[in-house]
file structure23.txt (compact mmCIF, C-alpha atoms)
# COMPACT_ATOMS: atom_id res chain seq x y z
CA MET A 1 123.18 99.33 126.23
CA THR A 2 119.67 99.50 127.71
CA THR A 3 118.56 96.53 129.84
CA ARG A 4 115.69 94.78 128.06
CA LEU A 5 112.86 94.20 130.53
CA THR A 6 110.04 91.68 130.31
CA TRP A 7 107.13 92.85 132.46
CA ILE A 8 104.98 90.06 133.92
CA ALA A 9 101.79 90.36 135.96
CA SER A 10 101.46 86.84 137.36
CA PRO A 11 98.75 85.75 139.81
CA SER A 12 100.73 82.54 140.46
CA ALA A 13 103.92 84.40 141.34
CA ALA A 14 101.88 86.83 143.45
CA CYS A 15 100.28 83.93 145.30
CA PHE A 16 103.59 82.21 146.05
CA ASP A 17 105.30 85.46 147.01
CA ALA A 18 102.58 86.04 149.60
CA VAL A 19 102.91 82.43 150.78
CA ARG A 20 106.68 82.95 151.05
CA ARG A 21 106.22 85.95 153.30
CA LEU A 22 103.52 84.32 155.43
CA ALA A 23 105.58 81.16 155.86
CA GLY A 24 108.50 83.35 156.89
CA GLY A 25 106.47 84.97 159.64
CA GLN A 26 105.93 88.37 158.03
CA THR A 27 102.69 90.27 158.64
CA ALA A 28 100.46 91.23 155.73
CA VAL A 29 99.00 94.72 155.50
CA ASN A 30 96.02 93.06 153.80
CA SER A 31 94.23 90.86 156.33
CA ALA A 32 92.17 89.18 153.58
CA LEU A 33 95.40 87.98 151.97
CA ALA A 34 96.66 86.55 155.25
CA ASP A 35 93.33 84.88 156.00
CA ALA A 36 93.09 83.27 152.56
CA LEU A 37 96.65 81.95 152.42
CA GLY A 38 97.49 81.38 156.07
CA ALA A 39 96.67 77.67 156.20
CA PRO A 40 98.20 76.74 152.80
CA ALA A 41 101.33 78.72 153.71
CA ALA A 42 101.67 76.83 156.99
CA ASN A 43 101.29 73.50 155.18
CA LEU A 44 103.97 74.45 152.67
CA ARG A 45 106.29 75.59 155.45
CA ASP A 46 105.86 72.26 157.26
CA PHE A 47 106.52 70.38 154.03
CA LEU A 48 109.75 72.27 153.38
CA LEU A 49 110.91 71.72 156.95
CA ALA A 50 110.34 67.98 156.65
CA ALA A 51 112.06 67.91 153.26
CA GLY A 52 115.12 69.73 154.56
CA ALA A 53 114.67 72.68 152.19
CA THR A 54 115.19 76.25 153.37
CA LEU A 55 112.35 78.67 152.72
CA ALA A 56 114.72 81.31 151.33
CA GLU A 57 116.41 79.07 148.77
CA PHE A 58 113.21 77.33 147.74
CA SER A 59 111.25 80.57 147.33
CA ALA A 60 114.02 82.14 145.29
CA GLU A 61 113.45 79.35 142.77
CA LEU A 62 109.67 79.00 143.09
CA VAL A 63 108.41 82.56 142.70
CA PRO A 64 110.31 83.52 139.50
CA ALA A 65 109.54 80.13 137.95
CA ALA A 66 105.84 80.54 138.75
CA ALA A 67 105.75 83.59 136.50
CA VAL A 68 106.56 81.48 133.43
CA ILE A 69 105.52 77.88 134.25
CA GLU A 70 101.81 77.03 134.25
CA SER A 71 101.88 73.37 135.33
CA ASN A 72 102.18 73.03 139.09
CA ARG A 73 103.79 69.63 138.70
CA GLN A 74 106.47 71.09 136.45
CA LEU A 75 106.81 74.05 138.81
CA ALA A 76 107.24 71.73 141.80
CA HIS A 77 109.83 69.68 139.93
CA THR A 78 111.78 72.76 138.87
CA ALA A 79 111.82 74.44 142.29
CA LEU A 80 112.66 71.26 144.19
CA THR A 81 115.38 70.16 141.77
CA LYS A 82 117.10 73.54 141.93
CA SER A 83 116.88 73.82 145.70
CA LEU A 84 117.41 70.18 146.75
CA GLY A 85 118.92 68.38 143.76
CA ARG A 86 117.23 65.91 141.43
CA GLY A 87 117.70 62.81 143.58
CA ARG A 88 116.03 64.28 146.65
CA ALA A 89 113.40 66.12 144.64
CA GLU A 90 111.80 63.29 142.67
CA PRO A 91 109.89 61.58 145.53
CA LEU A 92 108.49 64.91 146.72
CA VAL A 93 107.18 66.39 143.49
CA GLU A 94 103.60 65.09 143.59
CA ARG A 95 103.05 66.15 147.20
CA LEU A 96 104.45 69.61 146.54
CA ALA A 97 102.38 70.03 143.38
CA GLY A 98 99.27 69.39 145.46
CA LEU A 99 100.32 71.97 148.05
CA LEU A 100 100.99 74.55 145.35
CA THR A 101 97.55 73.90 143.87
CA ASP A 102 95.99 74.39 147.31
CA CYS A 103 97.71 77.77 147.56
CA GLU A 104 96.57 78.89 144.13
CA GLN A 105 92.99 77.76 144.68
CA ALA A 106 92.82 79.67 147.96
CA SER A 107 94.24 82.77 146.28
CA ALA A 108 91.89 82.54 143.28
CA ALA A 109 88.85 82.12 145.52
CA ALA A 110 89.73 85.22 147.54
CA PHE A 111 91.02 87.34 144.63
CA PRO A 112 89.36 86.18 141.38
CA LYS A 113 90.39 89.33 139.45
CA LEU A 114 93.98 89.44 140.62
CA ARG A 115 95.52 89.39 137.14
CA ASP A 116 93.50 92.42 136.03
CA GLU A 117 94.35 94.23 139.27
CA LEU A 118 98.07 93.52 138.92
CA GLU A 119 98.13 94.74 135.32
CA LEU A 120 96.33 97.93 136.34
CA ARG A 121 98.68 98.53 139.25
CA PHE A 122 101.78 97.71 137.20
CA ARG A 123 101.12 100.19 134.39
CA PRO A 124 102.21 103.41 136.17
CA LEU A 125 105.49 101.90 137.34
CA ARG A 126 106.25 100.62 133.88
CA GLU A 127 105.51 103.98 132.27
CA LEU A 128 107.67 105.84 134.78
CA TRP A 129 110.48 103.34 134.38
CA GLU A 130 110.53 103.59 130.61
CA THR A 131 110.96 107.35 130.95
CA ARG A 132 113.69 107.50 133.62
CA GLY A 133 114.78 103.97 134.47
CA PRO A 134 117.29 103.24 131.69
CA GLY A 135 119.16 106.42 132.54
CA MET A 136 119.27 105.46 136.18
CA LEU A 137 120.73 102.02 135.44
CA ALA A 138 123.31 103.55 133.13
CA ALA A 139 124.33 105.91 135.94
CA VAL A 140 124.63 102.96 138.35
CA GLY A 141 126.95 101.28 135.86
CA ARG A 142 129.12 104.39 135.65
CA ARG A 143 129.35 104.59 139.43
CA THR A 144 130.22 100.91 139.84
CA GLU A 145 131.09 98.75 136.82
CA ARG A 146 129.23 98.44 133.52
CA THR A 147 129.40 94.64 133.74
CA LEU A 148 127.13 94.79 136.80
CA ILE A 149 124.19 95.90 134.65
CA VAL A 150 122.53 92.88 133.04
CA ASP A 151 121.46 92.93 129.41
CA ALA A 152 117.97 91.53 130.08
CA ALA A 153 115.74 90.81 133.05
CA SER A 154 112.16 90.00 134.03
CA VAL A 155 110.14 92.25 136.32
CA VAL A 156 107.34 90.36 138.07
CA ALA A 157 104.47 92.24 139.69
CA VAL A 158 102.97 90.78 142.86
CA ALA A 159 100.20 91.91 145.19
CA PRO A 160 101.11 94.40 147.95
CA PHE A 161 101.80 92.18 150.96
CA LEU A 162 103.88 94.67 152.94
CA GLY A 163 102.50 97.75 151.23
CA GLY A 164 105.63 98.19 149.14
CA ALA A 165 108.49 95.70 148.84
CA GLY A 166 110.66 93.88 146.35
CA TRP A 167 113.51 91.42 146.04
CA ALA A 168 115.98 90.22 143.45
CA ALA A 169 116.50 86.66 142.20
CA PRO A 170 119.88 86.76 140.44
CA LYS A 171 119.85 83.11 139.37
CA SER A 172 116.82 83.72 137.18
CA ASN A 173 117.58 87.35 136.24
CA THR A 174 114.28 88.33 137.83
CA VAL A 175 113.12 90.99 140.23
CA VAL A 176 109.84 90.70 142.13
CA ILE A 177 108.15 93.94 143.17
CA GLU A 178 104.87 94.72 144.88
CA ALA A 179 102.64 96.73 142.56
CA VAL A 180 101.60 99.66 144.73
CA LEU A 181 99.63 102.65 143.51
CA ALA A 182 101.61 105.24 145.50
CA ASN A 183 105.15 105.47 146.84
CA PRO A 184 105.22 104.16 150.44
CA LEU A 185 107.86 106.82 151.18
CA GLY A 186 107.50 110.03 149.23
CA GLU A 187 111.24 110.66 149.16
CA LEU A 188 111.94 107.19 147.71
CA PRO A 189 110.01 106.54 144.47
CA GLU A 190 109.28 102.95 143.52
CA THR A 191 111.14 103.49 140.24
CA VAL A 192 114.30 103.94 142.32
CA ARG A 193 113.58 100.77 144.29
CA LEU A 194 113.18 98.95 140.98
CA GLY A 195 116.51 100.28 139.74
CA TRP A 196 118.17 99.15 142.97
CA LEU A 197 116.70 95.65 142.56
CA LEU A 198 117.80 95.38 138.93
CA ALA A 199 121.30 96.47 139.92
CA GLN A 200 121.57 93.39 142.17
CA LEU A 201 121.16 90.82 139.41
CA ALA A 202 124.90 90.39 138.81
CA ALA A 203 125.33 88.98 142.31
CA ASP A 204 125.57 85.41 141.03
CA LEU A 205 128.44 86.10 138.62
CA PRO A 206 131.48 84.02 139.64
CA ASP A 207 133.70 87.06 140.17
CA PHE A 208 131.42 88.17 142.98
CA ALA A 209 129.76 84.97 144.23
CA GLU A 210 133.14 83.32 144.78
CA LEU A 211 134.65 86.41 146.37
CA VAL A 212 132.56 86.52 149.52
CA GLY A 213 131.36 83.90 152.00
CA PRO A 214 129.03 81.08 150.83
CA GLY A 215 125.49 82.30 150.27
CA ARG A 216 126.37 85.91 151.05
CA SER A 217 126.66 87.39 147.58
CA ALA A 218 122.99 88.24 146.97
CA GLU A 219 122.52 89.77 150.40
CA LEU A 220 125.76 91.72 150.16
CA PHE A 221 124.73 93.14 146.78
CA ALA A 222 121.47 94.35 148.30
CA TRP A 223 123.50 96.43 150.76
CA ALA A 224 126.24 97.47 148.36
CA MET A 225 123.92 98.69 145.62
CA LEU A 226 121.95 101.03 147.86
CA PRO A 227 124.35 104.01 147.71
CA PRO A 228 125.10 103.86 143.96
CA ALA A 229 121.41 103.37 143.14
CA LEU A 230 120.42 106.38 145.20
CA GLU A 231 123.28 108.46 143.80
CA ALA A 232 122.27 107.50 140.25
CA ALA A 233 118.69 108.49 141.04
CA ALA A 234 119.92 111.81 142.42
CA ASP A 235 121.80 112.43 139.15
CA LEU A 236 118.39 112.32 137.43
CA GLU A 237 116.68 114.32 140.20
CA LEU A 238 114.50 111.36 141.15
CA VAL A 239 115.60 111.82 144.76
CA ARG A 240 117.25 114.69 146.61
CA PRO A 241 121.05 114.76 146.96
CA VAL A 242 122.21 111.65 148.80
CA ASP A 243 123.20 111.92 152.44
CA GLU A 244 123.31 109.61 155.43
CA ARG A 245 119.64 110.16 156.25
CA LEU A 246 118.44 109.18 152.79
CA VAL A 247 120.62 106.04 152.73
CA ARG A 248 119.34 105.11 156.19
CA ALA A 249 115.71 105.60 155.13
CA ALA A 250 116.19 103.35 152.09
CA ALA A 251 118.08 100.71 154.07
CA GLU A 252 115.48 100.55 156.83
CA SER A 253 112.56 100.49 154.40
CA TRP A 254 113.91 98.29 151.60
CA LEU A 255 116.46 95.85 152.98
CA PRO A 256 114.32 93.85 155.47
CA ALA A 257 111.73 93.20 152.75
CA ALA A 258 114.34 92.29 150.14
CA ILE A 259 116.25 89.59 152.01
CA ALA A 260 114.52 86.41 153.10
CA ALA A 261 117.14 85.29 155.63
CA PRO A 262 119.33 88.30 156.48
CA GLU A 263 122.72 87.69 158.01
CA PHE A 264 123.53 91.38 158.15
CA VAL A 265 120.78 92.76 160.37
CA VAL A 266 119.69 96.34 159.76
CA ASP A 267 120.60 98.12 163.00
CA GLU A 268 122.63 101.09 164.19
CA ARG A 269 125.97 99.32 163.84
CA SER A 270 125.36 97.93 160.36
CA LEU A 271 123.94 101.26 159.16
CA ALA A 272 127.01 103.06 160.48
CA ALA A 273 129.20 100.53 158.67
CA LEU A 274 127.30 101.15 155.43
CA GLU A 275 127.68 104.91 155.74
CA GLY A 276 131.41 104.66 156.42
CA TRP A 277 131.80 102.37 153.42
CA ARG A 278 129.75 104.71 151.22
CA GLN A 279 132.03 107.62 151.92
CA THR A 280 135.22 105.60 151.49
CA ALA A 281 134.03 103.87 148.31
CA ALA A 282 133.03 107.17 146.71
CA ALA A 283 136.58 108.46 147.10
CA SER A 284 138.26 105.24 145.96
CA ALA A 285 139.20 104.10 142.46
CA ALA A 286 139.50 100.48 143.60
CA PRO A 287 137.72 97.76 141.58
CA TRP A 288 134.20 96.85 142.63
CA THR A 289 135.38 93.45 143.87
CA VAL A 290 137.68 95.18 146.35
CA LYS A 291 134.93 97.51 147.51
CA LEU A 292 132.49 94.61 147.88
CA LYS A 293 134.92 92.63 149.99
CA ALA A 294 135.54 95.68 152.16
CA LEU A 295 131.80 96.07 152.78
CA GLU A 296 131.48 92.42 153.73
CA GLN A 297 134.25 92.84 156.28
CA LEU A 298 132.71 95.98 157.75
CA LEU A 299 129.26 94.40 158.06
CA SER A 300 130.71 91.23 159.56
CA GLU A 301 132.53 93.28 162.18
CA ALA A 302 129.34 95.24 162.90
CA ILE A 303 127.38 92.11 163.81
CA SER A 304 130.19 90.31 165.67

call {"tool": "encode", "arguments": {"input": "structure23.txt", "output": "structure tokens"}}
result
Amino acid sequence: MTTRLTWIASPSAACFDAVRRLAGGQTAVNSALADALGAPAANLRDFLLAAGATLAEFSAELVPAAAVIESNRQLAHTALTKSLGRGRAEPLVERLAGLLTDCEQASAAAFPKLRDELELRFRPLRELWETRGPGMLAAVGRRTERTLIVDAASVVAVAPFLGGAGWAAPKSNTVVIEAVLANPLGELPETVRLGWLLAQLAADLPDFAELVGPGRSAELFAWAMLPPALEAAADLELVRPVDERLVRAAAESWLPAAIAAPEFVVDERSLAALEGWRQTAAASAAPWTVKLKALEQLLSEAIS
């Protein structure tokens, strides 16, 4: 079955994705974006710190919701309730709604035609995906488990903050991807990145979320889905045959931008652990849950 995708070009989601990255200390390739949103991002970061909310958890709720919710008060209520709980959220909603409005106003003033730009940038990726993407996801399912491929998902386009990046939000069946006009790395097409992101959306299923340590499932899926996504892409000749160098290039380019608060740092030891796991997993008929747990153990040992 082909995964049904809803494609969304959302200035609000783009704004809050940029704020998320600025608040997290990442550097924008677009200085105008950083200048416009720097102060609102700092205010939001301070608010979250005082409220006891983590930027990673809050953003994972805020950005996907912003793509479908227009009212900033409703958006604030939704994101706070999901990240803090209703009791703690209620007294903070009005203040947060004001901060979100400040962010959007700053973004709109600096980029008044952002929606048109996102739609223009998004079109090539969508056209390429519709040609090759479903086959890639089907190949990922064959290499892992069919149940890992979701039936439907949203793909949200945001402005290029890092010049090419994306992340998955399994709780909302959403992936967020920067709409770039060219592949940042020629050997790694953005259609393959998109397939890798979509392959992570099963990370919140109980069979997997309860298998590994608390809060680790989404991050672990980002690592675990790299080899099968690349191998599926190679099946369709979207990338060259997969080897250690290609996996390393994807890991170094994609993982830091995909994980807001990484526990498994991308370094020589973790990359070696991933490569050893890739080779072992390819030769094993063990269930995906067993392979996933083995990768968690290897990565944990690599950072200890």

call {"tool": "closest_residue", "arguments": {"input": "structure23.txt", "among": "A:Ala34, A:Val19, A:Val63, A:Ala209", "to": "Ala157 (chain A)", "atoms": "all atoms listed in the file"}}
result
A:Val63

call {"tool": "atom_distance", "arguments": {"input": "structure23.txt", "atom1": "CA of Ser172 (chain A)", "atom2": "CA of Asp102 (chain A)"}}
result
25.0 Å

call {"tool": "closest_residue", "arguments": {"input": "structure23.txt", "among": "A:Gly215, A:Pro170, A:Gly276, A:Pro241", "to": "Leu201 (chain A)", "atoms": "all atoms listed in the file"}}
result
A:Pro170

call {"tool": "atom_distance", "arguments": {"input": "structure23.txt", "atom1": "CA of Arg86 (chain A)", "atom2": "CA of Gly52 (chain A)"}}
result
13.8 Å

call {"tool": "atom_distance", "arguments": {"input": "structure23.txt", "atom1": "CA of Ala153 (chain A)", "atom2": "CA of Ala97 (chain A)"}}
result
26.8 Å

call {"tool": "closest_residue", "arguments": {"input": "structure23.txt", "among": "A:Val242, A:Ile69, A:Ile303, A:Leu185", "to": "Trp254 (chain A)", "atoms": "all atoms listed in the file"}}
result
A:Leu185

call {"tool": "closest_residue", "arguments": {"input": "structure23.txt", "among": "A:Cys103, A:Arg88, A:Ala66, A:Glu231", "to": "Ala41 (chain A)", "atoms": "only C-alpha atoms"}}
result
A:Cys103

call {"tool": "closest_residue", "arguments": {"input": "structure23.txt", "among": "A:Ala42, A:Ala169, A:Ala258, A:Val180", "to": "Glu61 (chain A)", "atoms": "all atoms listed in the file"}}
result
A:Ala169

call {"tool": "closest_residue", "arguments": {"input": "structure23.txt", "among": "A:Val150, A:Leu80, A:Ala286, A:Leu194", "to": "Ser59 (chain A)", "atoms": "only C-alpha atoms"}}
result
A:Leu80

call {"tool": "residues_around", "arguments": {"input": "structure23.txt", "residues": "Leu100 (chain A)", "least_positions_apart": "3", "cutoff": "8 Å", "atoms": "only C-alpha atoms", "output": "ChimeraX atom specification"}}
result
/A:44,72,76,96-97,103-104

call {"tool": "write_last_selection", "arguments": {"input": "structure23.txt", "atoms": "C-alpha atoms", "output": "PDB file, in the frame of the given file"}}
result
ATOM      1  CA  LEU A  44     103.970  74.450 152.670  1.00  0.00           C
ATOM      2  CA  ASN A  72     102.180  73.030 139.090  1.00  0.00           C
ATOM      3  CA  ALA A  76     107.240  71.730 141.800  1.00  0.00           C
ATOM      4  CA  LEU A  96     104.450  69.610 146.540  1.00  0.00           C
ATOM      5  CA  ALA A  97     102.380  70.030 143.380  1.00  0.00           C
ATOM      6  CA  CYS A 103      97.710  77.770 147.560  1.00  0.00           C
ATOM      7  CA  GLU A 104      96.570  78.890 144.130  1.00  0.00           C
TER       8      GLU A 104
END

call {"tool": "residues_around", "arguments": {"input": "structure23.txt", "residues": "Leu118 (chain A)", "least_positions_apart": "5", "cutoff": "8 Å", "atoms": "only C-alpha atoms", "output": "PyMOL selection string"}}
result
chain A and resi 9-11+157-159+179

call {"tool": "axis_aligned_box", "arguments": {"input": "structure23.txt", "around": "region 41-54 of chain A", "padding_each_side": "4 Å", "output": "JSON"}}
result
{"center_x": 108.2, "center_y": 73.3, "center_z": 154.7, "size_x": 21.9, "size_y": 18.8, "size_z": 13.1}

call {"tool": "residues_around", "arguments": {"input": "structure23.txt", "residues": "Leu49 (chain A)", "least_positions_apart": "5", "cutoff": "12 Å", "atoms": "all atoms listed in the file", "output": "list in words"}}
result
Ala23, Gly24, Ala42, Asn43, Leu44, Thr54, Leu55, Ala56 and Phe58 of chain A

call {"tool": "residues_near_point", "arguments": {"input": "structure23.txt", "point": "(119.2, 108.5, 144.5)", "cutoff": "10 Å", "atoms": "only C-alpha atoms", "output": "CSV table (one decimal) with C-alpha atoms, in the coordinates of the input"}}
result
chain,number,residue,atom,x,y,z
A,136,MET,CA,119.3,105.5,136.2
A,140,VAL,CA,124.6,103.0,138.4
A,187,GLU,CA,111.2,110.7,149.2
A,188,LEU,CA,111.9,107.2,147.7
A,189,PRO,CA,110.0,106.5,144.5
A,192,VAL,CA,114.3,103.9,142.3
A,193,ARG,CA,113.6,100.8,144.3
A,195,GLY,CA,116.5,100.3,139.7
A,196,TRP,CA,118.2,99.2,143.0
A,226,LEU,CA,122.0,101.0,147.9
A,227,PRO,CA,124.4,104.0,147.7
A,228,PRO,CA,125.1,103.9,144.0
A,229,ALA,CA,121.4,103.4,143.1
A,230,LEU,CA,120.4,106.4,145.2
A,231,GLU,CA,123.3,108.5,143.8
A,232,ALA,CA,122.3,107.5,140.2
A,233,ALA,CA,118.7,108.5,141.0
A,234,ALA,CA,119.9,111.8,142.4
A,235,ASP,CA,121.8,112.4,139.2
A,236,LEU,CA,118.4,112.3,137.4
A,237,GLU,CA,116.7,114.3,140.2
A,238,LEU,CA,114.5,111.4,141.2
A,239,VAL,CA,115.6,111.8,144.8
A,240,ARG,CA,117.2,114.7,146.6
A,241,PRO,CA,121.0,114.8,147.0
A,242,VAL,CA,122.2,111.6,148.8
A,243,ASP,CA,123.2,111.9,152.4
A,246,LEU,CA,118.4,109.2,152.8
A,247,VAL,CA,120.6,106.0,152.7
A,250,ALA,CA,116.2,103.4,152.1

call {"tool": "residues_near_point", "arguments": {"input": "structure23.txt", "point": "(116.2, 96.6, 137.3)", "cutoff": "12 Å", "atoms": "only C-alpha atoms", "output": "count of residues only"}}
result
53
